[in-house]
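Structure below is protein_25.cif: mmCIF, C-alpha atoms.
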```
data_start
#
loop_
_atom_site.label_atom_id
_atom_site.label_comp_id
_atom_site.auth_asym_id
_atom_site.auth_seq_id
_atom_site.Cartn_x
_atom_site.Cartn_y
_atom_site.Cartn_z
CA MET I 1 3.00 6.18 -47.74
CA GLN I 2 5.79 6.57 -45.22
CA PRO I 3 7.00 3.16 -43.97
CA ASN I 4 7.26 2.68 -40.20
CA THR I 5 10.96 3.18 -39.66
CA LYS I 6 10.79 3.12 -35.86
CA PRO I 7 13.31 0.48 -34.74
CA ALA I 8 11.88 -2.55 -32.91
CA ARG I 9 13.11 -2.50 -29.31
CA LEU I 10 15.05 -5.46 -27.98
CA PRO I 11 14.67 -6.81 -24.43
CA LEU I 12 16.49 -4.47 -22.02
CA ASN I 13 16.76 -3.98 -18.24
CA GLY I 14 15.21 -7.42 -17.76
CA VAL I 15 12.09 -6.18 -19.56
CA ASP I 16 10.82 -8.32 -22.45
CA THR I 17 10.22 -5.19 -24.52
CA PRO I 18 8.83 -6.88 -27.67
CA ASN I 19 6.35 -8.81 -25.52
CA LEU I 20 5.40 -5.64 -23.61
CA MET I 21 4.79 -3.72 -26.85
CA ALA I 22 2.80 -6.63 -28.31
CA THR I 23 0.68 -6.77 -25.14
CA ILE I 24 -0.08 -3.03 -25.30
CA ASN I 25 -1.05 -3.27 -28.99
CA PHE I 26 -3.18 -6.34 -28.33
CA VAL I 27 -5.06 -4.70 -25.45
CA ALA I 28 -5.50 -1.50 -27.48
CA GLY I 29 -7.46 -3.56 -30.00
CA GLN I 30 -9.57 -5.36 -27.36
CA PRO I 31 -10.22 -2.92 -24.52
CA GLU I 32 -12.25 -5.46 -22.49
CA LEU I 33 -8.99 -7.33 -21.86
CA ALA I 34 -7.78 -4.33 -19.85
CA LYS I 35 -10.34 -4.81 -17.07
CA PHE I 36 -8.49 -6.24 -14.07
CA GLN I 37 -9.47 -6.89 -10.46
CA PHE I 38 -6.78 -7.37 -7.84
CA ARG I 39 -7.55 -8.91 -4.44
CA ALA I 40 -6.09 -9.32 -0.98
CA HIS I 41 -7.51 -11.73 1.62
CA ASN I 42 -6.56 -10.85 5.16
CA GLU I 43 -7.03 -12.67 8.46
CA TRP I 44 -6.54 -11.28 11.92
CA ILE I 45 -3.91 -13.12 13.96
CA GLU I 46 -3.54 -11.35 17.32
CA GLY I 47 -3.36 -7.78 18.56
CA THR I 48 -2.59 -5.50 15.60
CA HIS I 49 -0.99 -8.38 13.65
CA SER I 50 -2.72 -9.76 10.55
CA LYS I 51 -1.75 -11.82 7.51
CA THR I 52 -2.72 -11.32 3.87
CA VAL I 53 -2.61 -13.70 0.95
CA MET I 54 -2.63 -12.34 -2.60
CA ASN I 55 -3.20 -15.06 -5.15
CA GLY I 56 -6.14 -14.93 -7.56
CA PHE I 57 -6.95 -11.92 -9.70
CA PHE I 58 -9.09 -11.25 -12.74
CA GLY I 59 -7.67 -9.90 -15.98
CA ALA I 60 -7.37 -10.35 -19.73
CA GLY I 61 -10.91 -11.73 -19.71
CA ASN I 62 -10.21 -14.60 -17.29
CA GLU I 63 -9.56 -15.58 -13.71
CA GLN I 64 -5.78 -15.59 -13.19
CA LYS I 65 -3.44 -16.75 -10.47
CA HIS I 66 -0.02 -15.60 -9.41
CA GLU I 67 2.72 -18.16 -10.06
CA LYS I 68 2.44 -18.85 -6.34
CA PRO I 69 0.38 -17.24 -3.56
CA HIS I 70 2.14 -14.20 -2.12
CA TYR I 71 1.86 -13.71 1.66
CA ALA I 72 2.49 -10.60 3.74
CA ASP I 73 1.84 -9.51 7.31
CA ALA I 74 1.08 -6.16 8.87
CA ASP I 75 1.50 -5.02 12.47
CA HIS I 76 2.10 -1.95 14.59
CA PRO I 77 5.52 -1.23 16.11
CA ALA I 78 6.20 -1.67 19.83
CA ILE I 79 6.09 2.08 20.42
CA LEU I 80 2.45 1.96 19.27
CA CYS I 81 1.71 -1.06 21.45
CA GLY I 82 2.08 -3.61 18.64
CA ALA I 83 4.42 -6.61 18.44
CA ASP I 84 6.29 -5.33 15.33
CA ASN I 85 5.93 -8.61 13.46
CA ALA I 86 5.74 -6.75 10.16
CA PRO I 87 5.69 -3.27 8.60
CA THR I 88 2.88 -0.93 9.59
CA PRO I 89 -0.07 -0.61 7.18
CA VAL I 90 1.01 2.92 6.21
CA GLU I 91 4.52 1.72 5.35
CA TRP I 92 2.89 -0.76 2.95
CA LEU I 93 1.47 2.22 1.04
CA LEU I 94 4.97 3.69 0.71
CA HIS I 95 6.26 0.32 -0.49
CA GLY I 96 3.45 0.10 -3.07
CA LEU I 97 4.26 3.58 -4.35
CA ALA I 98 7.99 2.80 -4.63
CA GLY I 99 7.34 -0.51 -6.40
CA CYS I 100 4.93 1.07 -8.87
CA LEU I 101 7.18 3.99 -9.83
CA MET I 102 10.15 1.63 -10.12
CA ALA I 103 8.38 -0.87 -12.39
CA GLY I 104 7.29 2.01 -14.59
CA VAL I 105 10.82 3.41 -14.82
CA ALA I 106 12.18 0.02 -15.95
CA ASN I 107 9.43 -0.53 -18.55
CA ILE I 108 9.65 2.98 -19.95
CA ALA I 109 13.47 2.86 -20.09
CA ALA I 110 13.27 -0.41 -22.04
CA ALA I 111 10.71 1.08 -24.42
CA ARG I 112 13.00 4.07 -24.99
CA GLY I 113 16.14 1.96 -25.41
CA ILE I 114 17.81 3.31 -22.27
CA LYS I 115 19.93 0.87 -20.27
CA LEU I 116 19.60 1.37 -16.52
CA THR I 117 22.47 0.52 -14.24
CA ARG I 118 21.08 1.45 -10.83
CA VAL I 119 17.83 2.96 -9.59
CA LYS I 120 16.88 3.61 -5.99
CA CYS I 121 14.14 5.58 -4.30
CA SER I 122 13.27 6.57 -0.76
CA VAL I 123 9.68 7.30 0.15
CA ASP I 124 8.85 9.25 3.32
CA GLY I 125 5.39 9.91 4.69
CA ASP I 126 4.59 12.36 7.51
CA ILE I 127 1.70 11.55 9.79
CA ASP I 128 0.37 13.09 12.99
CA LEU I 129 -0.98 10.24 15.09
CA ARG I 130 -3.40 12.48 17.00
CA GLY I 131 -5.79 11.60 14.16
CA ILE I 132 -5.86 7.82 14.46
CA LEU I 133 -5.51 7.93 18.24
CA GLY I 134 -8.73 9.94 18.40
CA ILE I 135 -7.05 12.81 20.25
CA SER I 136 -7.95 15.50 17.72
CA ASP I 137 -10.69 15.76 15.15
CA GLU I 138 -8.78 18.52 13.37
CA VAL I 139 -5.90 16.22 12.44
CA ARG I 140 -6.42 13.87 9.52
CA ASN I 141 -5.92 10.14 10.10
CA GLY I 142 -3.59 9.53 7.18
CA PHE I 143 -0.33 10.90 5.85
CA GLN I 144 -0.17 14.67 5.54
CA ASN I 145 2.33 14.45 2.71
CA ILE I 146 4.58 11.93 1.00
CA HIS I 147 7.94 12.64 -0.61
CA VAL I 148 9.78 10.37 -3.03
CA SER I 149 13.52 10.81 -3.74
CA PHE I 150 14.86 8.99 -6.80
CA GLU I 151 18.46 8.25 -7.71
CA ILE I 152 18.69 7.01 -11.27
CA GLU I 153 21.78 5.92 -13.18
CA GLY I 154 21.88 4.79 -16.83
CA ASP I 155 23.35 5.29 -20.28
CA ALA I 156 21.40 8.41 -21.18
CA PRO I 157 21.76 12.17 -20.56
CA ALA I 158 20.42 13.49 -17.25
CA GLU I 159 17.38 14.99 -18.96
CA LYS I 160 16.39 11.63 -20.48
CA LEU I 161 16.85 9.81 -17.17
CA GLN I 162 14.74 12.43 -15.42
CA GLN I 163 12.01 12.02 -18.03
CA LEU I 164 11.82 8.29 -17.24
CA VAL I 165 10.81 9.05 -13.67
CA GLU I 166 8.42 11.79 -14.79
CA GLN I 167 6.70 9.51 -17.30
CA SER I 168 6.51 6.71 -14.73
CA ARG I 169 4.80 9.08 -12.30
CA ALA I 170 2.42 10.22 -15.05
CA ARG I 171 1.34 6.59 -15.67
CA SER I 172 1.58 5.16 -12.14
CA ALA I 173 -1.51 3.42 -10.79
CA VAL I 174 -0.39 3.86 -7.18
CA PHE I 175 0.63 7.51 -7.60
CA ASP I 176 -2.82 8.16 -9.08
CA VAL I 177 -4.66 6.44 -6.22
CA LEU I 178 -2.57 8.06 -3.48
CA THR I 179 -2.79 11.59 -4.90
CA LYS I 180 -6.38 11.55 -6.12
CA GLY I 181 -8.10 9.01 -3.89
CA VAL I 182 -10.55 6.27 -4.82
CA PRO I 183 -14.04 5.37 -3.55
CA VAL I 184 -13.83 2.58 -0.94
CA THR I 185 -16.94 0.71 0.22
CA VAL I 186 -17.03 -1.58 3.26
CA GLY I 187 -19.43 -4.49 3.81
CA ILE I 188 -19.72 -6.26 7.19
CA LYS I 189 -21.00 -9.73 8.03
CA THR I 190 -21.21 -10.46 11.74
CA ILE I 191 -21.04 -13.90 13.37
CA GLN I 192 -21.79 -14.41 17.07
CA MET S 1 -18.23 15.15 42.17
CA GLN S 2 -18.99 11.91 40.37
CA PRO S 3 -16.13 9.41 40.71
CA ASN S 4 -14.81 7.82 37.50
CA THR S 5 -16.54 4.46 37.61
CA LYS S 6 -15.44 3.39 34.14
CA PRO S 7 -13.74 0.00 34.61
CA ALA S 8 -10.07 -0.19 33.63
CA ARG S 9 -9.76 -2.46 30.62
CA LEU S 10 -7.59 -5.56 30.82
CA PRO S 11 -5.42 -6.84 27.96
CA LEU S 12 -7.66 -8.52 25.38
CA ASN S 13 -7.35 -9.90 21.83
CA GLY S 14 -3.58 -9.75 22.18
CA VAL S 15 -3.85 -5.98 22.71
CA ASP S 16 -2.10 -4.55 25.76
CA THR S 17 -5.11 -2.34 26.47
CA PRO S 18 -3.78 -0.55 29.59
CA ASN S 19 -0.57 0.32 27.72
CA LEU S 20 -2.55 1.49 24.68
CA MET S 21 -4.76 3.72 26.85
CA ALA S 22 -1.73 5.09 28.71
CA THR S 23 -0.04 5.85 25.36
CA ILE S 24 -3.09 7.73 24.09
CA ASN S 25 -3.33 9.76 27.28
CA PHE S 26 0.40 10.50 27.26
CA VAL S 27 0.35 11.68 23.63
CA ALA S 28 -2.78 13.76 24.31
CA GLY S 29 -0.75 15.72 26.85
CA GLN S 30 2.30 16.14 24.57
CA PRO S 31 1.05 16.50 21.00
CA GLU S 32 4.57 16.84 19.54
CA LEU S 33 5.09 13.14 20.36
CA ALA S 34 2.40 12.31 17.78
CA LYS S 35 4.49 13.50 14.83
CA PHE S 36 5.71 10.39 12.99
CA GLN S 37 7.51 9.84 9.71
CA PHE S 38 7.47 6.40 8.10
CA ARG S 39 9.93 5.45 5.35
CA ALA S 40 10.50 2.86 2.68
CA HIS S 41 13.79 2.48 0.78
CA ASN S 42 13.44 0.70 -2.53
CA GLU S 43 16.01 -0.57 -5.02
CA TRP S 44 15.38 -1.76 -8.55
CA ILE S 45 16.42 -5.36 -9.19
CA GLU S 46 15.47 -6.27 -12.76
CA GLY S 47 12.52 -5.74 -15.06
CA THR S 48 9.52 -4.71 -12.94
CA HIS S 49 10.99 -6.36 -9.82
CA SER S 50 12.19 -4.20 -6.92
CA LYS S 51 12.93 -4.66 -3.23
CA THR S 52 12.02 -2.40 -0.30
CA VAL S 53 13.43 -2.25 3.18
CA MET S 54 11.40 -0.61 5.95
CA ASN S 55 13.46 -0.08 9.07
CA GLY S 56 13.97 3.38 10.57
CA PHE S 57 11.14 5.76 11.31
CA PHE S 58 10.70 8.90 13.36
CA GLY S 59 8.21 9.16 16.18
CA ALA S 60 7.60 10.05 19.82
CA GLY S 61 10.26 12.74 19.46
CA ASN S 62 13.07 10.41 18.39
CA GLU S 63 14.51 8.30 15.61
CA GLN S 64 13.14 4.78 16.00
CA LYS S 65 13.85 1.40 14.45
CA HIS S 66 11.69 -1.63 13.87
CA GLU S 67 12.73 -4.64 15.97
CA LYS S 68 14.30 -5.89 12.76
CA PRO S 69 14.35 -4.48 9.20
CA HIS S 70 11.26 -5.58 7.25
CA TYR S 71 11.81 -6.47 3.58
CA ALA S 72 9.28 -6.77 0.77
CA ASP S 73 9.40 -7.07 -3.01
CA ALA S 74 7.08 -5.88 -5.75
CA ASP S 75 6.73 -7.13 -9.31
CA HIS S 76 4.26 -7.42 -12.17
CA PRO S 77 2.59 -10.75 -12.99
CA ALA S 78 3.59 -12.76 -16.09
CA ILE S 79 0.44 -11.68 -17.92
CA LEU S 80 1.72 -8.10 -17.65
CA CYS S 81 5.20 -9.13 -18.80
CA GLY S 82 6.68 -9.28 -15.28
CA ALA S 83 8.34 -12.22 -13.54
CA ASP S 84 5.74 -12.45 -10.72
CA ASN S 85 8.37 -12.51 -7.99
CA ALA S 86 6.03 -10.65 -5.64
CA PRO S 87 2.61 -8.97 -5.42
CA THR S 88 1.89 -6.08 -7.75
CA PRO S 89 2.23 -2.55 -6.34
CA VAL S 90 -1.55 -2.09 -6.42
CA GLU S 91 -2.08 -5.28 -4.41
CA TRP S 92 0.20 -3.80 -1.76
CA LEU S 93 -2.29 -0.95 -1.37
CA LEU S 94 -5.08 -3.48 -0.76
CA HIS S 95 -2.89 -5.26 1.79
CA GLY S 96 -2.16 -1.98 3.55
CA LEU S 97 -5.87 -1.18 3.74
CA ALA S 98 -6.72 -4.63 5.11
CA GLY S 99 -3.94 -4.48 7.70
CA CYS S 100 -4.95 -1.01 8.86
CA LEU S 101 -8.64 -1.78 9.26
CA MET S 102 -7.81 -5.07 11.01
CA ALA S 103 -5.41 -3.48 13.52
CA GLY S 104 -8.05 -0.88 14.31
CA VAL S 105 -10.75 -3.50 14.86
CA ALA S 106 -8.54 -5.37 17.33
CA ASN S 107 -7.54 -2.23 19.26
CA ILE S 108 -11.08 -0.85 19.41
CA ALA S 109 -12.52 -4.23 20.46
CA ALA S 110 -10.00 -4.40 23.29
CA ALA S 111 -10.84 -0.85 24.37
CA ARG S 112 -14.54 -1.78 24.41
CA GLY S 113 -14.03 -5.08 26.22
CA ILE S 114 -15.16 -7.21 23.28
CA LYS S 115 -13.38 -10.52 22.77
CA LEU S 116 -12.83 -11.34 19.11
CA THR S 117 -12.70 -14.95 17.97
CA ARG S 118 -12.18 -14.58 14.23
CA VAL S 119 -11.94 -11.65 11.84
CA LYS S 120 -11.31 -11.81 8.11
CA CYS S 121 -11.57 -9.35 5.27
CA SER S 122 -11.29 -9.47 1.52
CA VAL S 123 -10.30 -6.36 -0.39
CA ASP S 124 -10.95 -6.10 -4.13
CA GLY S 125 -9.86 -3.27 -6.41
CA ASP S 126 -11.05 -2.76 -9.99
CA ILE S 127 -8.66 -1.22 -12.47
CA ASP S 128 -8.76 -0.65 -16.21
CA LEU S 129 -5.21 -1.05 -17.47
CA ARG S 130 -5.78 1.14 -20.52
CA GLY S 131 -4.72 3.96 -18.19
CA ILE S 132 -1.26 2.74 -17.19
CA LEU S 133 -0.62 1.17 -20.60
CA GLY S 134 -1.08 4.61 -22.16
CA ILE S 135 -3.86 3.36 -24.45
CA SER S 136 -6.48 5.85 -23.27
CA ASP S 137 -6.22 9.26 -21.65
CA GLU S 138 -9.85 9.01 -20.52
CA VAL S 139 -9.16 6.07 -18.22
CA ARG S 140 -7.54 6.78 -14.88
CA ASN S 141 -4.30 4.99 -14.03
CA GLY S 142 -5.37 3.73 -10.62
CA PHE S 143 -8.19 1.72 -9.10
CA GLN S 144 -11.66 2.86 -10.09
CA ASN S 145 -13.11 1.53 -6.85
CA ILE S 146 -12.17 -0.66 -3.90
CA HIS S 147 -14.51 -2.89 -1.91
CA VAL S 148 -13.79 -4.40 1.49
CA SER S 149 -15.85 -7.35 2.85
CA PHE S 150 -15.48 -8.07 6.55
CA GLU S 151 -16.46 -11.20 8.48
CA ILE S 152 -16.25 -10.56 12.19
CA GLU S 153 -16.98 -13.00 15.02
CA GLY S 154 -16.86 -12.21 18.74
CA ASP S 155 -18.68 -12.18 22.07
CA ALA S 156 -20.88 -9.16 21.39
CA PRO S 157 -24.20 -8.52 19.62
CA ALA S 158 -24.08 -8.07 15.85
CA GLU S 159 -24.59 -4.31 16.19
CA LYS S 160 -21.57 -3.95 18.49
CA LEU S 161 -19.37 -6.06 16.19
CA GLN S 162 -20.45 -3.97 13.23
CA GLN S 163 -19.61 -0.78 15.12
CA LEU S 164 -16.04 -2.04 15.62
CA VAL S 165 -15.49 -2.13 11.87
CA GLU S 166 -17.20 1.23 11.42
CA GLN S 167 -15.07 2.90 14.08
CA SER S 168 -11.94 1.32 12.65
CA ARG S 169 -12.80 2.76 9.25
CA ALA S 170 -13.48 6.14 10.81
CA ARG S 171 -9.98 6.18 12.34
CA SER S 172 -7.99 4.34 9.69
CA ALA S 173 -4.90 6.08 8.33
CA VAL S 174 -4.90 3.99 5.15
CA PHE S 175 -8.65 4.37 4.52
CA ASP S 176 -8.20 8.13 4.84
CA VAL S 177 -5.26 8.26 2.41
CA LEU S 178 -6.92 6.00 -0.16
CA THR S 179 -10.28 7.75 -0.12
CA LYS S 180 -9.09 11.34 0.21
CA GLY S 181 -5.65 11.31 -1.37
CA VAL S 182 -2.45 12.96 -0.16
CA PRO S 183 0.04 15.35 -1.82
CA VAL S 184 3.03 13.41 -3.19
CA THR S 185 6.20 15.18 -4.34
CA VAL S 186 8.97 13.52 -6.34
CA GLY S 187 12.63 14.56 -6.42
CA ILE S 188 15.08 13.11 -8.96
CA LYS S 189 18.88 12.89 -8.85
CA THR S 190 20.47 11.57 -12.04
CA ILE S 191 23.82 9.81 -12.31
CA GLN S 192 25.44 9.05 -15.68
#
```

Now, as a test, write the supplied structure out as structure tokens.
Amino acid sequence: MQPNTKPARLPLNGVDTPNLMATINFVAGQPELAKFQFRAHNEWIEGTHSKTVMNGFFGAGNEQKHEKPHYADADHPAILCGADNAPTPVEWLLHGLAGCLMAGVANIAAARGIKLTRVKCSVDGDIDLRGILGISDEVRNGFQNIHVSFEIEGDAPAEKLQQLVEQSRARSAVFDVLTKGVPVTVGIKTIQ
Amino acid sequence: MQPNTKPARLPLNGVDTPNLMATINFVAGQPELAKFQFRAHNEWIEGTHSKTVMNGFFGAGNEQKHEKPHYADADHPAILCGADNAPTPVEWLLHGLAGCLMAGVANIAAARGIKLTRVKCSVDGDIDLRGILGISDEVRNGFQNIHVSFEIEGDAPAEKLQQLVEQSRARSAVFDVLTKGVPVTVGIKTIQ
């Protein structure tokens, strides 16, 4: 029998690689631990301005909490008659996509023993507001396309660095949702 | 000829309704003003932690800027080997959806002359992490479903309040992107 000669990876890029690998192996053996539910609780403030708290979530078989509640606002810019207290809701999607691809790049680089020195990405989304403004039924409400531009620097050949981004995209939760869509249901309770 | 007897709407719910209506009418007459591009610029910090700035965008025929740059982080929670500095990327999608539906509710209520007193929503997304952890190719990477629960209170009958949420959903940019998907392209520049 061939012994497993694959070297154990050390922590790298701020990723606790041994812990990450142990987590993946642990979940592989107990698939019910992989069922997570994430949640956002939002309250309207005024105009197009609202505030979200993200705190509790379910995962690894139990209710979990973030180390502290995370808060974020959303608003429309002045040019769209908002007060610009916060990014627009559609910008939050771009931020989510950037954050997801970036986390994946760091984890995958650590797993492959590649030290990253600098990684940046810009995410642009084109949208024709005739949709949401109700001016045209032929124009979709959402983005018509999104483009991500990565700049990645590290101690590996260009091809290996490029593969980090490609693998991150292939395993990105946000990339999957944005490109393929997900069923969304809406329930409404009215109070007069 | 029948005169237009529709009453002009006053500002309501913190929405500058006359300005919003004037904007819609103006854009209806000059559709090229409706072409917007939103942008997020993200930089990797450490591990799964990254930071985004959202500042410039294009719209109404010109380069625009938010009143100030908006910053936001993303990270993974400790249970997923992150440092929990910020919400997860997938929670940011839920926040974007909440913020978009909420802004729509407020704008539509103002346009219909309905005074809102309180509006809340909770957004939950179920995800099986065997996808992103690479444990199973049969499990998708992203959310399997998302549910939004609204509580809406205002000076209108239940049916009218319910219709506000329904119309907001029908015109939501984020709801459209999340349910129908959007093409996403990725470019990579490597630096060694």

Checklist line | Atom pair atom CA of Tyr71 of chain S / atom CA of Lys65 of chain I: separation (Å) | finding: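 Separation between atom CA of Tyr71 of chain S and atom CA of Lys65 of chain I: 23.1 Å.
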
Margin query: Please determine, counting all atoms listed in the file, which residue among S:Gly154, S:Gly181, S:Pro31, S:Gly125 has the shortest atom-to-atom distance to Gly59 of chain I.
Written below: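 Looking at the shortest contact to Gly59 of chain I, the residue is S:Gly125.
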
Note to self: What's around segment 37-52 of chain S at 9 Å? Count all atoms listed in the file, leave out sequence neighbours fewer than 5 positions away in its own chain, and write the answer as number ranges by chain.
What the structure shows: I: 12-16, 88, 90-92, 94-95, 98-100, 102-107, 110, 118-128, 143; S: 57-59, 70-76, 81-86

Margin query: I need the residue nearest chain I from this list: S:Arg9, S:Lys115, S:Arg171, S:Lys68. Use all atoms listed in the file for the distance.
Written below: S:Arg171

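Selection check: the PyMOL selection byres ((chain S and resi 135) around 9) on the shown file gives Ile24, Asn25, Val27, Ala28 and Pro31 of chain I; Leu129, Arg130, Gly131, Ile132, Leu133, Gly134, Ser136, Asp137 and Val139 of chain S.
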
Next item on the list: Measure the distance from atom CA of Glu138 of chain I to atom CA of Thr179 of chain S in Å and round it to one decimal.
Entry: 17.3 Å

Next item on the list: Can you work out which one of S:Pro69, S:Lys160, S:Ala78, S:Phe150 has the shortest atom-to-atom distance to chain I, counting all atoms listed in the file?
Entry: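 Among S:Pro69, S:Lys160, S:Ala78, S:Phe150, it is S:Phe150 that comes nearest to chain I.
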
Next item on the list: Just give me the gap between atom CA of Val53 of chain I and atom CA of Ile146 of chain S in Å, one decimal is fine.
Entry: 16.9 Å

Margin query: When you count all atoms listed in the file, which of these residues is closest to Lys189 of chain I: S:Glu67, S:Asp176, S:Glu151, S:Glu159?
Written below: S:Glu151

Margin query: With distances taken over all atoms listed in the file, which residue among S:Gln192, S:Gln30, S:Leu101, S:Thr117 lies nearest chain I?
Written below: S:Gln192

Next item on the list: Decode the PyMOL selection byres ((chain I and resi 185) around 10) for the given file into explicit residues and return them as a PyMOL selection string.
Entry: (chain I and resi 182-184+186-187) or (chain S and resi 123+145-149+179)

Next item on the list: Could you tell me which of S:Arg140, S:Arg112, S:Arg169, S:Lys35 comes closest to chain I if we count all atoms listed in the file?
Entry: S:Lys35

Check: Which residues come within 7 Å of Ala173 of chain I, counting only C-alpha atoms, excluding same-chain residues fewer than 4 positions away, as JSON, numbers by chain?
Finding: {"I": [177], "S": [132, 141, 142]}
